[in-house]
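J.: Dropping the structure in here first, questions after.
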Amino acid sequence: MIARRILPFLAAPAFAQEQPLRVVIPFPPGGPADTIARLLEPRLRAALGQPLVLDHRSGAGGVVGMEQVARARPDGQTIGLGSTGALVIAPHLMARMPYDPVRDLIAVGEVLSVPQLLVVPAAFEARDVAQLVAIARARPGALSYASAGIGSSLHLAAELFRQRAGIEITHVPYRGAAPAIVDLVAGRVQLMLGDVPGLLSQLRGGTIRALGITSTSRFADLPEVPTVIEAGVPGVVSESFYGIFAPAGVAPARIGELSRALLGALAEPELRVALTALGGTIIASTPDAFAARLREVSAGWAEVIRVGGIRAE
């Protein structure tokens, strides 16, 4: 009898139990975060030995959902799939941030990093970044750029480009990336920086052109598109990240277990192909490495926001 009682505990992960692991997704179903979570779910379930429940809590660019994670019991049974806006941008824009990303959350590991493309309408006169910068300098304020809203990651990516290029361009904020892309295609705005996945269909359809990408190296699926740095504007590196977070206070042993499960999942070739198809680079970082990257990225965006005088809506 004793052996029968002990063996199940030896065979299962330390925290495995019937209680499901709640995964907060701070965006509506159907978007990139939802896709990433659904790809990870069966791998994490197998590695951890417990079911997962995906809990969509959207609002305020991901802040609503990440607050749910920050306020959850630190028992290791709630994690969240956080992204750039709610972790390293909102803290520098919101007057009353409902949580402190450093104090109230633990970085478990980064999953995917997605750069932005600098795009223009197909009929626009600039054929490369140098020509775009020259036109903007010749006509200060005449060119307009679209974003997914004031303080969005796409707004800040464009502001970073504006600051590094030393140009004056007019910001036209939209309620999300979709209407911004519609007006870009129609030529009502002259440029936009957008996440790769949301622009691929228009690029392949020939309605827009990509002049540069904001990563440190070229994107494998668009090898003809230079990085913005290659194209002559230094310091333009902007990537939206997705990563796993837990509430502060979760036991280090549980954080280690979650990290190992995530790293194991991200090593699977089939999952790597599926995630890369979303337009990004798989990072697969340890908790310490992810936390260090978050501090660095947060400081960079804080400076862009300060120099640009950006205020939340």
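Convention: chains lettered A, B, ... in structure tokens order; per-chain residue numbering from 1; ligands numbered from 1 as shown.
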Quick one: which segment 47-148 of chain A residues come within 10 Å of segment 196-208 of chain A, and what is the nearest atom pair for each with the distance in Å to one decimal, counting only C-alpha atoms, rows ordered by chain and ascending number, as CSV?
T.:
residue,atom,partner,partner_atom,distance
A:Val114,CA,A:Val196,CA,7.0
A:Pro115,CA,A:Val196,CA,6.5
A:Gln116,CA,A:Val196,CA,5.6
A:Leu117,CA,A:Val196,CA,6.0
A:Leu118,CA,A:Val196,CA,9.5
A:Val119,CA,A:Ile208,CA,6.5
A:Val120,CA,A:Ile208,CA,5.6
A:Pro121,CA,A:Ile208,CA,4.4
A:Ala122,CA,A:Ile208,CA,4.4
A:Ala123,CA,A:Ile208,CA,8.0
A:Phe124,CA,A:Ile208,CA,8.8
J.: Give the strand (DSSP E) residues of segment 73-209 of chain A, as assigned by DSSP on the backbone, as a VMD selection string.
T.: chain A and resid 78 to 83 105 to 121 144 to 147 170 to 173 191 to 195 208 to 209
J.: Can you tell me which residues surround Ala291 of chain A at a distance of at most 12 Å, considering only C-alpha atoms, apart from same-chain residues fewer than 2 positions away, and format the answer as a ChimeraX atom specification?
T.: /A:87-88,101-103,105-110,243-245,285-289,293-298
J.: Got a sec to tell me which of segment 78-168 of chain A DSSP assigns to helix (DSSP H, G or I), as a ChimeraX atom specification?
T.: /A:84-92,101-104,129-138,153-165
J.: Can I get the selected residues back with N, CA and C atoms, as a short mmCIF file (atom, residue, chain, number, x, y, z; two decimals), in the first residue's frame?
T.:
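Result written to out.cif:
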data_model
loop_
_atom_site.label_atom_id
_atom_site.label_comp_id
_atom_site.auth_asym_id
_atom_site.auth_seq_id
_atom_site.Cartn_x
_atom_site.Cartn_y
_atom_site.Cartn_z
N THR A 84 4.42 43.66 -24.86
CA THR A 84 5.15 44.92 -24.71
C THR A 84 4.37 46.02 -24.02
N GLY A 85 3.16 46.32 -24.52
CA GLY A 85 2.43 47.49 -24.05
C GLY A 85 2.18 47.51 -22.57
N ALA A 86 1.71 46.41 -22.02
CA ALA A 86 1.30 46.36 -20.61
C ALA A 86 2.47 46.22 -19.65
N LEU A 87 3.66 45.90 -20.18
CA LEU A 87 4.80 45.64 -19.30
C LEU A 87 5.88 46.71 -19.34
N VAL A 88 6.13 47.30 -20.51
CA VAL A 88 7.25 48.26 -20.61
C VAL A 88 6.86 49.61 -21.20
N ILE A 89 5.62 49.76 -21.65
CA ILE A 89 5.17 51.04 -22.19
C ILE A 89 4.17 51.71 -21.26
N ALA A 90 3.11 51.01 -20.89
CA ALA A 90 2.07 51.59 -20.04
C ALA A 90 2.60 52.19 -18.74
N PRO A 91 3.60 51.56 -18.08
CA PRO A 91 4.09 52.15 -16.84
C PRO A 91 4.64 53.57 -16.99
N HIS A 92 5.06 53.93 -18.20
CA HIS A 92 5.61 55.27 -18.44
C HIS A 92 4.57 56.24 -18.98
N PRO A 101 5.11 46.30 -12.86
CA PRO A 101 5.57 45.09 -13.56
C PRO A 101 6.80 44.45 -12.92
N VAL A 102 7.64 45.26 -12.29
CA VAL A 102 8.85 44.73 -11.66
C VAL A 102 8.54 44.15 -10.29
N ARG A 103 7.76 44.85 -9.50
CA ARG A 103 7.48 44.43 -8.12
C ARG A 103 6.40 43.35 -8.04
N ASP A 104 5.39 43.43 -8.92
CA ASP A 104 4.20 42.58 -8.77
C ASP A 104 4.18 41.37 -9.69
N VAL A 129 14.35 53.92 -47.59
CA VAL A 129 14.32 54.74 -46.38
C VAL A 129 15.01 56.08 -46.60
N ALA A 130 16.12 56.08 -47.33
CA ALA A 130 16.84 57.34 -47.57
C ALA A 130 15.96 58.34 -48.30
N GLN A 131 15.22 57.89 -49.30
CA GLN A 131 14.32 58.79 -50.03
C GLN A 131 13.19 59.29 -49.13
N LEU A 132 12.66 58.41 -48.28
CA LEU A 132 11.60 58.81 -47.36
C LEU A 132 12.09 59.90 -46.42
N VAL A 133 13.27 59.72 -45.87
CA VAL A 133 13.83 60.71 -44.95
C VAL A 133 14.07 62.03 -45.68
N ALA A 134 14.57 61.96 -46.91
CA ALA A 134 14.83 63.18 -47.68
C ALA A 134 13.53 63.95 -47.94
N ILE A 135 12.47 63.23 -48.28
CA ILE A 135 11.17 63.88 -48.53
C ILE A 135 10.66 64.53 -47.25
N ALA A 136 10.76 63.81 -46.13
CA ALA A 136 10.28 64.34 -44.86
C ALA A 136 11.07 65.58 -44.44
N ARG A 137 12.36 65.59 -44.70
CA ARG A 137 13.17 66.75 -44.34
C ARG A 137 12.88 67.94 -45.24
N ALA A 138 12.54 67.66 -46.48
CA ALA A 138 12.22 68.76 -47.41
C ALA A 138 10.86 69.36 -47.13
N SER A 153 2.44 50.34 -29.11
CA SER A 153 3.80 49.96 -29.50
C SER A 153 4.12 50.43 -30.91
N LEU A 154 3.11 50.48 -31.78
CA LEU A 154 3.33 50.94 -33.15
C LEU A 154 3.57 52.44 -33.19
N HIS A 155 2.88 53.18 -32.33
CA HIS A 155 3.13 54.62 -32.21
C HIS A 155 4.57 54.87 -31.76
N LEU A 156 4.99 54.15 -30.74
CA LEU A 156 6.33 54.38 -30.21
C LEU A 156 7.41 53.93 -31.19
N ALA A 157 7.15 52.88 -31.96
CA ALA A 157 8.12 52.47 -32.99
C ALA A 157 8.31 53.58 -34.02
N ALA A 158 7.20 54.19 -34.44
CA ALA A 158 7.28 55.29 -35.41
C ALA A 158 7.94 56.52 -34.78
N GLU A 159 7.66 56.78 -33.51
CA GLU A 159 8.29 57.90 -32.82
C GLU A 159 9.80 57.68 -32.69
N LEU A 160 10.20 56.45 -32.41
CA LEU A 160 11.63 56.12 -32.37
C LEU A 160 12.28 56.40 -33.72
N PHE A 161 11.63 55.97 -34.80
CA PHE A 161 12.15 56.24 -36.15
C PHE A 161 12.23 57.74 -36.40
N ARG A 162 11.20 58.48 -36.03
CA ARG A 162 11.19 59.93 -36.24
C ARG A 162 12.35 60.59 -35.50
N GLN A 163 12.54 60.20 -34.25
CA GLN A 163 13.61 60.80 -33.46
C GLN A 163 14.98 60.47 -34.02
N ARG A 164 15.21 59.22 -34.37
CA ARG A 164 16.53 58.82 -34.86
C ARG A 164 16.82 59.39 -36.25
N ALA A 165 15.78 59.55 -37.07
CA ALA A 165 15.97 60.10 -38.42
C ALA A 165 16.06 61.62 -38.41
#
J.: Got a sec: who's within 8 Å of segment 69-77 of chain A, counting only C-alpha atoms, leaving out chain neighbours fewer than 2 positions off, as a VMD selection string?
T.: chain A and resid 19 to 22 24 65 to 67 79 to 80 99 104 to 105 245 to 251 254 to 255
J.: Using N, CA and C atoms, can you write the selected residues to a file as a CSV table (one decimal), in the first residue's frame?
T.:
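See selection_12.csv below for the written result:
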chain,number,residue,atom,x,y,z
A,19,GLN,N,-6.1,20.5,-10.1
A,19,GLN,CA,-6.4,21.9,-10.3
A,19,GLN,C,-5.8,22.4,-11.6
A,20,PRO,N,-6.5,23.0,-12.5
A,20,PRO,CA,-6.0,23.5,-13.8
A,20,PRO,C,-5.1,24.7,-13.6
A,21,LEU,N,-4.1,24.9,-14.5
A,21,LEU,CA,-3.3,26.1,-14.5
A,21,LEU,C,-4.0,27.1,-15.3
A,22,ARG,N,-4.3,28.3,-14.7
A,22,ARG,CA,-5.0,29.3,-15.4
A,22,ARG,C,-4.0,30.2,-16.2
A,24,VAL,N,-3.9,33.6,-18.2
A,24,VAL,CA,-4.6,34.8,-18.6
A,24,VAL,C,-4.0,35.3,-19.9
A,65,GLY,N,-5.7,42.5,-18.2
A,65,GLY,CA,-5.4,41.1,-18.0
A,65,GLY,C,-4.2,40.9,-17.1
A,66,MET,N,-3.2,41.7,-17.3
A,66,MET,CA,-2.0,41.6,-16.5
A,66,MET,C,-2.2,42.0,-15.1
A,67,GLU,N,-3.2,42.9,-14.8
A,67,GLU,CA,-3.5,43.2,-13.5
A,67,GLU,C,-4.1,41.9,-12.8
A,79,ILE,N,-0.8,32.1,-14.5
A,79,ILE,CA,0.2,32.8,-15.2
A,79,ILE,C,-0.4,33.6,-16.3
A,80,GLY,N,0.3,34.5,-16.9
A,80,GLY,CA,-0.2,35.3,-18.0
A,80,GLY,C,0.7,35.4,-19.2
A,99,TYR,N,-0.6,48.1,-11.3
A,99,TYR,CA,0.4,47.2,-10.8
A,99,TYR,C,1.8,47.7,-11.2
A,104,ASP,N,5.4,43.4,-8.9
A,104,ASP,CA,4.2,42.6,-8.8
A,104,ASP,C,4.2,41.4,-9.7
A,105,LEU,N,5.1,41.3,-10.6
A,105,LEU,CA,5.2,40.1,-11.5
A,105,LEU,C,6.6,39.5,-11.6
A,245,PHE,N,4.4,35.3,-17.6
A,245,PHE,CA,4.6,36.0,-16.3
A,245,PHE,C,3.8,35.3,-15.2
A,246,ALA,N,4.3,35.4,-14.0
A,246,ALA,CA,3.6,34.8,-12.8
A,246,ALA,C,3.5,35.9,-11.8
A,247,PRO,N,2.5,35.8,-10.8
A,247,PRO,CA,2.5,36.8,-9.8
A,247,PRO,C,3.7,36.8,-8.9
A,248,ALA,N,4.1,37.9,-8.3
A,248,ALA,CA,5.2,37.9,-7.4
A,248,ALA,C,4.8,37.1,-6.2
A,249,GLY,N,5.8,36.4,-5.6
A,249,GLY,CA,5.6,35.5,-4.5
A,249,GLY,C,5.5,34.1,-4.8
A,250,VAL,N,5.4,33.7,-6.1
A,250,VAL,CA,5.3,32.3,-6.4
A,250,VAL,C,6.7,31.7,-6.1
A,251,ALA,N,6.6,30.5,-5.5
A,251,ALA,CA,7.9,29.8,-5.1
A,251,ALA,C,8.9,29.6,-6.2
A,254,ARG,N,8.5,26.5,-8.3
A,254,ARG,CA,7.5,26.5,-9.3
A,254,ARG,C,7.9,27.3,-10.5
A,255,ILE,N,8.5,28.5,-10.3
A,255,ILE,CA,9.0,29.3,-11.4
A,255,ILE,C,10.0,28.4,-12.3
J.: Taking 6 positions as the minimum chain separation for residues in the same chain, which residues sit within 9 Å of segment 273-278 of chain A when counting only C-alpha atoms? Answer as a ChimeraX atom specification.
T.: /A:32,35-36,39,111-112,114,196-197,221
J.: What is the distance between atom CA of Met192 of chain A and atom CA of Ala284 of chain A, in Å to one decimal?
T.: 29.1 Å
J.: Can you list, as a list in words, every protein, DNA or RNA residue that comes within 8 Å of Ser58 of chain A when you count only C-alpha atoms, leaving out same-chain residues fewer than 4 positions away?
T.: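 Selected residues are Ile25, Pro26, Phe27, Pro28, Gly62, Val63, Val64 and Gly65 of chain A.
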